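First comes the structure, then the notes that go with it.
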Amino acid sequence: MVKPYLLLCWTFFCLGASSQNVTPHFFEGVIEYTIKSESFMQGVSDNEISLRFGSKLRFYFSKGNYLREYINDAGYTIQKGMFLTQSNQFYFQYLISSPDTLYYSDASDSAFNKYSISDSIFAREKILDCNTVPVLIRQQYTPPGNQAPLNTVLIYYFCPELPVNPTWHKDIFIWNKVIAAHPFIATKFTEETTGYFRQTFIATRVEWKPLEDSFFKPDPKLVLNKTQSD
């Protein structure tokens with residue numbers, strides 16, 4: 001039940017955009033985050049979660065396309081998640097368990113039983129000198145083949161100094177509502193599956209720089225495998 005949760009979390013990764021009439025300088029570049037993992041499963045330590053899902057995240061963003069690269073303590077990439085605006089699809093690669101397979105799903109798929117979006121009750125935090133705005137998302141999802149649903153709690157701390165264009169993600173289910181109201185990238189966020197584990201991501205470095213379009217290309221050598229939403 002862990003893998004489906006990762007797919008969902010990649011779906012809702014901290015993107016937003018500006019609704020101003022004057023076009024701002026949209027963010028393009030790389031952000032690095034530390035990852036703190038907490039396990040709620042008996043017999044599974046925090047360290048085991050960290051070993052499996054990484055201790056650092058490197059996030060690349062350009063013109064609405066993005067790549068999430070999970071890195072372990074040894075500096076190796078162990079998982080990747082990517083969104084492409086042209087296809088409106090998410091792509092996922094697990095380099096340890098399925099290194100030759102590229103999973104993908106339609107970003108417009110409505111995979112949730114129910115969800116809610118609200119301004120978080122949590123206090124604003126200053127991350128890398130940016131006064132962030134917290135937002136809370138609750139979701140319920142039943143993975144294929146499971147009878148019991150998974151409940152997820154996501155909290156994003158959006159940084160107004162990192163704007164992106166909302167039209168780039170207007171067809172992403174649920175998330176299009178979030179970015180319409182909160183038009184920024186988050187410099188801190190938490191992703192939790194109730195009863196299983198929580199990860200907290202905190203930005204340590206933000207670099208504005210142009211990225212080549214070729215950077216956001218699925219590896220043609222990988223076997224494509226479509227994930228099922230029901």
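If you're wondering about the labels, chains in the structure tokens are A, B, ... by order shown, residues count from 1 in each chain, ligands from 1 in order shown.
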Do you have, as JSON lines, the list of residues of region 82-123 of chain A lying at most 7 Å from region 61-68 of chain A, each with its nearest atom pair and that distance in Å to one decimal, counting only C-alpha atoms and ordered by chain then number?
```
{"residue": "A:Met82", "atom": "CA", "partner": "A:Leu67", "partner_atom": "CA", "distance": 4.4}
{"residue": "A:Phe83", "atom": "CA", "partner": "A:Tyr66", "partner_atom": "CA", "distance": 5.4}
{"residue": "A:Leu84", "atom": "CA", "partner": "A:Asn65", "partner_atom": "CA", "distance": 4.9}
{"residue": "A:Thr85", "atom": "CA", "partner": "A:Asn65", "partner_atom": "CA", "distance": 5.8}
```
Checklist entry - If we count only C-alpha atoms, what is near Glu161 (chain A) at a cut-off of 10 Å, once residues fewer than 5 positions away on the same chain are taken out, given as a list of chain:residue names? => result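 Once the adjacent positions are removed, what remains is A:His25, A:Phe26, A:Phe27, A:Asp129, A:Cys130, A:Asn131, A:Thr132, A:Pro183, A:Phe184, A:Ile185, A:Ala186.
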Checklist entry - A:Lys36, A:Phe122, A:Ser116, A:Tyr60: which is nearest Glu212 (chain A), counting only C-alpha atoms? => result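 Nearest candidate to Glu212 (chain A) out of A:Lys36, A:Phe122, A:Ser116, A:Tyr60: A:Tyr60.
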Checklist entry - Leaving out Leu57 (chain A) and any residue of its chain fewer than 4 positions from it, which residues lie within 8 Å of it when counting only C-alpha atoms, given as a list in words? => result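 Once the adjacent positions are removed, what remains is Glu32, Tyr33, Thr34, Ile35, Arg68, Glu69, Tyr70, Ile71 and Phe201 of chain A.
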Residues from last step as file, C-alpha atoms, as a compact mmCIF listing (two decimals), in the first residue's frame:
```
# COMPACT_ATOMS: atom_id res chain seq x y z
CA GLU A 32 16.76 21.01 -2.82
CA TYR A 33 14.92 19.71 0.26
CA THR A 34 15.94 17.63 3.25
CA ILE A 35 13.49 14.81 4.10
CA ARG A 68 11.19 15.00 -8.43
CA GLU A 69 14.44 13.15 -7.72
CA TYR A 70 14.70 11.23 -4.42
CA ILE A 71 18.29 10.71 -3.21
CA PHE A 201 10.36 18.23 3.24
```
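Comparing A:Gln140, A:Ser110, A:Thr77, A:Ser105 by their smallest distance to Lys56 (chain A), the closest is A:Thr77 (using only C-alpha atoms).
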Checklist entry - Of the residues A:Ser98, A:Phe197, A:Asn113, A:Tyr156, which is the one nearest to Glu48 (chain A), using only C-alpha atoms? => result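 Nearest to Glu48 (chain A): A:Phe197.
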Pull the strand (DSSP E) assignments for region 54-206 of chain A out of DSSP run on the backbone, and list those residues as a tab-separated table (two decimals) with N, CA, C and O atoms, in the first residue's frame.
```tsv
chain	number	residue	atom	x	y	z
A	56	LYS	N	16.93	13.10	0.80
A	56	LYS	CA	16.99	14.40	0.14
A	56	LYS	C	16.16	14.37	-1.13
A	56	LYS	O	16.08	13.35	-1.81
A	57	LEU	N	15.53	15.50	-1.44
A	57	LEU	CA	14.76	15.63	-2.67
A	57	LEU	C	15.33	16.77	-3.50
A	57	LEU	O	15.57	17.87	-2.98
A	58	ARG	N	15.56	16.49	-4.77
A	58	ARG	CA	15.97	17.53	-5.71
A	58	ARG	C	14.81	17.73	-6.69
A	58	ARG	O	14.36	16.79	-7.35
A	59	PHE	N	14.34	18.96	-6.79
A	59	PHE	CA	13.14	19.29	-7.57
A	59	PHE	C	13.51	20.25	-8.70
A	59	PHE	O	14.04	21.34	-8.46
A	60	TYR	N	13.24	19.83	-9.94
A	60	TYR	CA	13.54	20.64	-11.13
A	60	TYR	C	12.21	21.13	-11.71
A	60	TYR	O	11.28	20.34	-11.88
A	61	PHE	N	12.16	22.41	-12.08
A	61	PHE	CA	10.91	22.98	-12.60
A	61	PHE	C	11.17	23.92	-13.77
A	61	PHE	O	12.05	24.77	-13.70
A	62	SER	N	10.39	23.75	-14.84
A	62	SER	CA	10.53	24.64	-16.00
A	62	SER	C	9.24	24.60	-16.83
A	62	SER	O	8.81	23.54	-17.27
A	65	ASN	N	6.62	21.91	-16.41
A	65	ASN	CA	7.17	20.56	-16.28
A	65	ASN	C	7.99	20.47	-15.01
A	65	ASN	O	8.67	21.44	-14.62
A	66	TYR	N	7.95	19.30	-14.35
A	66	TYR	CA	8.80	19.16	-13.19
A	66	TYR	C	9.29	17.73	-13.03
A	66	TYR	O	8.70	16.78	-13.54
A	67	LEU	N	10.40	17.62	-12.31
A	67	LEU	CA	11.00	16.33	-12.00
A	67	LEU	C	11.33	16.30	-10.53
A	67	LEU	O	12.00	17.21	-10.01
A	68	ARG	N	10.86	15.25	-9.84
A	68	ARG	CA	11.19	15.00	-8.43
A	68	ARG	C	12.21	13.88	-8.40
A	68	ARG	O	11.96	12.78	-8.87
A	69	GLU	N	13.37	14.14	-7.80
A	69	GLU	CA	14.44	13.15	-7.72
A	69	GLU	C	14.76	12.86	-6.25
A	69	GLU	O	15.25	13.74	-5.53
A	70	TYR	N	14.46	11.64	-5.80
A	70	TYR	CA	14.70	11.23	-4.42
A	70	TYR	C	16.10	10.63	-4.32
A	70	TYR	O	16.45	9.73	-5.09
A	71	ILE	N	16.88	11.09	-3.34
A	71	ILE	CA	18.29	10.71	-3.21
A	71	ILE	C	18.56	10.16	-1.81
A	71	ILE	O	18.05	10.70	-0.82
A	77	THR	N	20.34	8.29	-6.65
A	77	THR	CA	18.92	8.50	-6.92
A	77	THR	C	18.20	7.16	-6.83
A	77	THR	O	18.58	6.20	-7.50
A	78	ILE	N	17.14	7.10	-6.01
A	78	ILE	CA	16.44	5.83	-5.82
A	78	ILE	C	15.00	5.86	-6.37
A	78	ILE	O	14.43	4.81	-6.63
A	79	GLN	N	14.45	7.06	-6.58
A	79	GLN	CA	13.11	7.18	-7.17
A	79	GLN	C	13.01	8.48	-7.94
A	79	GLN	O	13.70	9.46	-7.62
A	80	LYS	N	12.14	8.50	-8.94
A	80	LYS	CA	11.89	9.71	-9.71
A	80	LYS	C	10.40	9.85	-9.97
A	80	LYS	O	9.69	8.86	-10.17
A	81	GLY	N	9.93	11.09	-9.98
A	81	GLY	CA	8.56	11.38	-10.37
A	81	GLY	C	8.56	12.60	-11.28
A	81	GLY	O	9.26	13.58	-11.00
A	82	MET	N	7.81	12.56	-12.37
A	82	MET	CA	7.84	13.64	-13.34
A	82	MET	C	6.44	13.98	-13.82
A	82	MET	O	5.58	13.11	-13.95
A	83	PHE	N	6.17	15.27	-14.08
A	83	PHE	CA	4.93	15.71	-14.70
A	83	PHE	C	5.27	16.47	-15.97
A	83	PHE	O	6.14	17.33	-15.97
A	84	LEU	N	4.56	16.14	-17.07
A	84	LEU	CA	4.76	16.83	-18.33
A	84	LEU	C	3.46	17.53	-18.74
A	84	LEU	O	2.39	16.91	-18.80
A	89	GLN	N	0.42	14.13	-18.00
A	89	GLN	CA	0.62	12.83	-17.36
A	89	GLN	C	1.73	12.88	-16.33
A	89	GLN	O	2.67	13.68	-16.44
A	90	PHE	N	1.61	12.00	-15.34
A	90	PHE	CA	2.65	11.78	-14.35
A	90	PHE	C	3.42	10.52	-14.71
A	90	PHE	O	2.84	9.54	-15.18
A	91	TYR	N	4.72	10.55	-14.47
A	91	TYR	CA	5.60	9.40	-14.73
A	91	TYR	C	6.37	9.09	-13.45
A	91	TYR	O	6.86	10.00	-12.78
A	92	PHE	N	6.51	7.79	-13.13
A	92	PHE	CA	7.15	7.38	-11.89
A	92	PHE	C	8.12	6.24	-12.17
A	92	PHE	O	7.79	5.29	-12.88
A	93	GLN	N	9.32	6.33	-11.59
A	93	GLN	CA	10.30	5.26	-11.74
A	93	GLN	C	10.88	4.91	-10.37
A	93	GLN	O	11.33	5.78	-9.63
A	94	TYR	N	10.86	3.59	-10.04
A	94	TYR	CA	11.43	3.09	-8.80
A	94	TYR	C	12.73	2.37	-9.15
A	94	TYR	O	12.70	1.23	-9.62
A	98	SER	N	11.98	-1.56	-9.48
A	98	SER	CA	11.57	-1.71	-10.89
A	98	SER	C	12.37	-0.77	-11.78
A	98	SER	O	11.83	0.15	-12.39
A	99	PRO	N	13.68	-0.97	-11.88
A	99	PRO	CA	14.54	-0.02	-12.59
A	99	PRO	C	14.28	0.08	-14.09
A	99	PRO	O	14.62	1.09	-14.70
A	100	ASP	N	13.65	-0.96	-14.69
A	100	ASP	CA	13.44	-0.96	-16.14
A	100	ASP	C	12.03	-0.53	-16.52
A	100	ASP	O	11.65	-0.59	-17.69
A	101	THR	N	11.21	-0.09	-15.54
A	101	THR	CA	9.81	0.22	-15.80
A	101	THR	C	9.51	1.68	-15.50
A	101	THR	O	9.97	2.22	-14.49
A	102	LEU	N	8.72	2.31	-16.37
A	102	LEU	CA	8.25	3.67	-16.15
A	102	LEU	C	6.73	3.63	-16.01
A	102	LEU	O	6.02	3.34	-16.97
A	103	TYR	N	6.24	3.89	-14.80
A	103	TYR	CA	4.81	3.91	-14.56
A	103	TYR	C	4.26	5.29	-14.93
A	103	TYR	O	4.94	6.31	-14.76
A	104	TYR	N	3.03	5.33	-15.42
A	104	TYR	CA	2.45	6.62	-15.76
A	104	TYR	C	0.96	6.62	-15.48
A	104	TYR	O	0.32	5.56	-15.39
A	105	SER	N	0.40	7.83	-15.32
A	105	SER	CA	-1.03	7.98	-15.08
A	105	SER	C	-1.49	9.32	-15.61
A	105	SER	O	-0.70	10.26	-15.75
A	106	ASP	N	-2.78	9.43	-15.89
A	106	ASP	CA	-3.38	10.65	-16.39
A	106	ASP	C	-3.62	11.60	-15.22
A	106	ASP	O	-4.26	11.23	-14.24
A	114	LYS	N	-12.93	10.86	-1.57
A	114	LYS	CA	-13.33	12.19	-1.11
A	114	LYS	C	-12.08	12.99	-0.78
A	114	LYS	O	-11.00	12.42	-0.58
A	115	TYR	N	-12.23	14.32	-0.73
A	115	TYR	CA	-11.10	15.18	-0.40
A	115	TYR	C	-11.62	16.52	0.11
A	115	TYR	O	-12.79	16.87	-0.08
A	116	SER	N	-10.73	17.26	0.76
A	116	SER	CA	-11.06	18.63	1.20
A	116	SER	C	-9.81	19.48	1.12
A	116	SER	O	-8.69	19.00	1.29
A	117	ILE	N	-10.01	20.77	0.83
A	117	ILE	CA	-8.92	21.74	0.76
A	117	ILE	C	-9.29	22.91	1.67
A	117	ILE	O	-10.40	23.43	1.58
A	118	SER	N	-8.37	23.32	2.51
A	118	SER	CA	-8.67	24.43	3.41
A	118	SER	C	-7.39	25.17	3.78
A	118	SER	O	-6.30	24.62	3.72
A	119	ASP	N	-7.57	26.46	4.16
A	119	ASP	CA	-6.44	27.20	4.71
A	119	ASP	C	-6.05	26.53	6.01
A	119	ASP	O	-6.90	26.29	6.87
A	126	LYS	N	8.70	30.90	8.33
A	126	LYS	CA	9.68	31.55	7.47
A	126	LYS	C	10.70	30.51	7.04
A	126	LYS	O	11.44	29.98	7.86
A	127	ILE	N	10.72	30.21	5.75
A	127	ILE	CA	11.65	29.22	5.20
A	127	ILE	C	12.54	29.91	4.17
A	127	ILE	O	12.05	30.49	3.20
A	130	CYS	N	11.60	33.39	3.34
A	130	CYS	CA	10.31	33.59	2.67
A	130	CYS	C	9.19	33.32	3.66
A	130	CYS	O	9.16	32.25	4.30
A	131	ASN	N	8.26	34.26	3.82
A	131	ASN	CA	7.11	34.08	4.69
A	131	ASN	C	6.06	33.24	3.97
A	131	ASN	O	5.41	33.71	3.04
A	133	VAL	N	2.76	30.53	3.29
A	133	VAL	CA	1.34	30.44	3.57
A	133	VAL	C	0.94	28.97	3.58
A	133	VAL	O	1.03	28.29	2.57
A	134	PRO	N	0.48	28.43	4.73
A	134	PRO	CA	0.15	27.00	4.81
A	134	PRO	C	-1.24	26.67	4.28
A	134	PRO	O	-2.18	27.45	4.44
A	135	VAL	N	-1.36	25.52	3.64
A	135	VAL	CA	-2.62	25.00	3.10
A	135	VAL	C	-2.72	23.52	3.46
A	135	VAL	O	-1.73	22.79	3.38
A	136	LEU	N	-3.91	23.08	3.84
A	136	LEU	CA	-4.14	21.71	4.27
A	136	LEU	C	-5.03	20.98	3.27
A	136	LEU	O	-6.08	21.50	2.86
A	137	ILE	N	-4.63	19.77	2.88
A	137	ILE	CA	-5.42	18.93	1.97
A	137	ILE	C	-5.60	17.57	2.63
A	137	ILE	O	-4.61	16.94	3.03
A	138	ARG	N	-6.83	17.12	2.74
A	138	ARG	CA	-7.13	15.78	3.23
A	138	ARG	C	-7.74	14.96	2.09
A	138	ARG	O	-8.58	15.47	1.35
A	139	GLN	N	-7.33	13.70	1.98
A	139	GLN	CA	-7.79	12.85	0.88
A	139	GLN	C	-8.08	11.44	1.39
A	139	GLN	O	-7.47	11.00	2.36
A	140	GLN	N	-8.97	10.76	0.69
A	140	GLN	CA	-9.19	9.34	0.95
A	140	GLN	C	-9.16	8.61	-0.38
A	140	GLN	O	-9.79	9.03	-1.34
A	141	TYR	N	-8.42	7.52	-0.41
A	141	TYR	CA	-8.17	6.79	-1.65
A	141	TYR	C	-8.17	5.30	-1.36
A	141	TYR	O	-7.61	4.86	-0.36
A	150	LEU	N	-7.14	4.37	2.13
A	150	LEU	CA	-6.02	5.07	2.76
A	150	LEU	C	-6.43	6.53	2.94
A	150	LEU	O	-7.05	7.13	2.06
A	151	ASN	N	-6.08	7.09	4.09
A	151	ASN	CA	-6.32	8.51	4.35
A	151	ASN	C	-4.99	9.25	4.35
A	151	ASN	O	-4.04	8.82	5.01
A	152	THR	N	-4.92	10.34	3.59
A	152	THR	CA	-3.68	11.11	3.52
A	152	THR	C	-3.92	12.53	4.00
A	152	THR	O	-5.01	13.10	3.80
A	153	VAL	N	-2.91	13.11	4.61
A	153	VAL	CA	-2.94	14.49	5.08
A	153	VAL	C	-1.71	15.19	4.50
A	153	VAL	O	-0.58	14.79	4.76
A	154	LEU	N	-1.94	16.23	3.72
A	154	LEU	CA	-0.87	16.96	3.06
A	154	LEU	C	-0.91	18.41	3.51
A	154	LEU	O	-1.97	19.04	3.50
A	155	ILE	N	0.22	18.96	3.91
A	155	ILE	CA	0.31	20.36	4.32
A	155	ILE	C	1.41	21.02	3.51
A	155	ILE	O	2.55	20.55	3.50
A	156	TYR	N	1.06	22.12	2.82
A	156	TYR	CA	2.02	22.82	1.99
A	156	TYR	C	2.21	24.25	2.50
A	156	TYR	O	1.24	24.94	2.82
A	157	TYR	N	3.46	24.68	2.54
A	157	TYR	CA	3.81	26.03	2.95
A	157	TYR	C	4.31	26.77	1.69
A	157	TYR	O	5.47	26.65	1.31
A	158	PHE	N	3.40	27.50	1.07
A	158	PHE	CA	3.68	28.14	-0.22
A	158	PHE	C	4.49	29.42	-0.05
A	158	PHE	O	4.21	30.24	0.83
A	159	CYS	N	5.47	29.60	-0.93
A	159	CYS	CA	6.34	30.77	-0.90
A	159	CYS	C	5.95	31.74	-2.02
A	159	CYS	O	6.14	31.43	-3.21
A	160	PRO	N	5.40	32.92	-1.69
A	160	PRO	CA	4.98	33.88	-2.71
A	160	PRO	C	6.11	34.38	-3.60
A	160	PRO	O	5.84	34.96	-4.67
A	161	GLU	N	7.34	34.16	-3.19
A	161	GLU	CA	8.47	34.62	-4.01
A	161	GLU	C	8.82	33.64	-5.13
A	161	GLU	O	9.73	33.89	-5.92
A	162	LEU	N	8.07	32.52	-5.21
A	162	LEU	CA	8.32	31.51	-6.24
A	162	LEU	C	7.04	31.25	-7.04
A	162	LEU	O	6.43	30.18	-6.93
A	163	PRO	N	6.61	32.22	-7.85
A	163	PRO	CA	5.35	32.06	-8.59
A	163	PRO	C	5.49	31.18	-9.82
A	163	PRO	O	6.57	31.09	-10.42
A	184	PHE	N	1.96	29.43	-5.99
A	184	PHE	CA	3.39	29.41	-5.71
A	184	PHE	C	3.91	27.98	-5.52
A	184	PHE	O	3.14	27.04	-5.36
A	185	ILE	N	5.22	27.85	-5.49
A	185	ILE	CA	5.86	26.60	-5.09
A	185	ILE	C	6.07	26.64	-3.57
A	185	ILE	O	6.28	27.70	-2.99
A	186	ALA	N	5.98	25.48	-2.93
A	186	ALA	CA	6.17	25.41	-1.49
A	186	ALA	C	7.63	25.15	-1.13
A	186	ALA	O	8.30	24.36	-1.79
A	187	THR	N	8.09	25.81	-0.09
A	187	THR	CA	9.45	25.58	0.40
A	187	THR	C	9.46	24.64	1.61
A	187	THR	O	10.53	24.29	2.12
A	188	LYS	N	8.26	24.25	2.05
A	188	LYS	CA	8.13	23.19	3.06
A	188	LYS	C	6.81	22.48	2.81
A	188	LYS	O	5.82	23.10	2.43
A	189	PHE	N	6.79	21.16	3.01
A	189	PHE	CA	5.53	20.42	2.92
A	189	PHE	C	5.66	19.10	3.64
A	189	PHE	O	6.76	18.56	3.82
A	190	THR	N	4.53	18.59	4.12
A	190	THR	CA	4.49	17.27	4.75
A	190	THR	C	3.49	16.41	4.00
A	190	THR	O	2.46	16.89	3.53
A	191	GLU	N	3.80	15.12	3.88
A	191	GLU	CA	2.94	14.14	3.22
A	191	GLU	C	2.79	12.95	4.16
A	191	GLU	O	3.78	12.33	4.54
A	192	GLU	N	1.57	12.67	4.58
A	192	GLU	CA	1.34	11.62	5.56
A	192	GLU	C	0.24	10.67	5.11
A	192	GLU	O	-0.83	11.12	4.66
A	193	THR	N	0.48	9.38	5.25
A	193	THR	CA	-0.56	8.37	5.14
A	193	THR	C	-0.88	7.91	6.57
A	193	THR	O	-0.01	7.37	7.24
A	197	PHE	N	3.14	6.31	7.60
A	197	PHE	CA	4.33	7.13	7.80
A	197	PHE	C	4.08	8.56	7.35
A	197	PHE	O	3.11	8.85	6.64
A	198	ARG	N	4.98	9.45	7.79
A	198	ARG	CA	4.93	10.86	7.40
A	198	ARG	C	6.32	11.28	6.95
A	198	ARG	O	7.33	10.86	7.51
A	199	GLN	N	6.37	12.13	5.91
A	199	GLN	CA	7.63	12.73	5.49
A	199	GLN	C	7.48	14.25	5.48
A	199	GLN	O	6.47	14.78	5.01
A	200	THR	N	8.51	14.92	6.00
A	200	THR	CA	8.53	16.38	6.02
A	200	THR	C	9.69	16.86	5.16
A	200	THR	O	10.84	16.44	5.34
A	201	PHE	N	9.39	17.72	4.20
A	201	PHE	CA	10.36	18.23	3.24
A	201	PHE	C	10.60	19.72	3.54
A	201	PHE	O	9.65	20.50	3.56
A	202	ILE	N	11.85	20.10	3.74
A	202	ILE	CA	12.19	21.51	4.02
A	202	ILE	C	13.28	21.95	3.05
A	202	ILE	O	14.34	21.32	2.95
A	203	ALA	N	13.02	23.03	2.33
A	203	ALA	CA	13.96	23.53	1.34
A	203	ALA	C	15.23	24.06	2.01
A	203	ALA	O	15.17	24.77	3.01
A	204	THR	N	16.37	23.69	1.44
A	204	THR	CA	17.66	24.16	1.92
A	204	THR	C	18.38	25.04	0.91
A	204	THR	O	19.29	25.78	1.26
A	205	ARG	N	17.94	24.95	-0.36
A	205	ARG	CA	18.58	25.75	-1.41
A	205	ARG	C	17.61	25.96	-2.56
A	205	ARG	O	16.92	25.03	-2.97
A	206	VAL	N	17.55	27.19	-3.06
A	206	VAL	CA	16.75	27.52	-4.24
A	206	VAL	C	17.67	28.17	-5.27
A	206	VAL	O	18.36	29.15	-4.97
```
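Of the residues listed (A:Trp168, A:Tyr196, A:Asn146, A:Val223), A:Tyr196 shows the shortest atom-to-atom separation from Ser45 (chain A); distances use only C-alpha atoms.
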Item to check | Between CA of Asn165 (chain A) and CA of Asn88 (chain A), distance in Å (one decimal) | outcome: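 For CA of Asn165 (chain A) relative to CA of Asn88 (chain A), the distance reads 14.8 Å.
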Item to check | Atomic separation - CA of Pro144 (chain A) relative to CA of Thr227 (chain A), Å | outcome: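 Between CA of Thr227 (chain A) and CA of Pro144 (chain A) the gap is 9.6 Å.
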Next on the checklist: Using only C-alpha atoms for the distances, tell me which of A:Ala74, A:Val178, A:Ala107, A:Val164 is nearest to Gln86 (chain A).
Outcome noted: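 Between A:Ala74, A:Val178, A:Ala107, A:Val164, the residue approaching Gln86 (chain A) most closely is A:Ala107.
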Checklist entry - Which of region 21-220 of chain A counts as helix (DSSP H, G or I) under DSSP, as a count of residues only please? => result 22
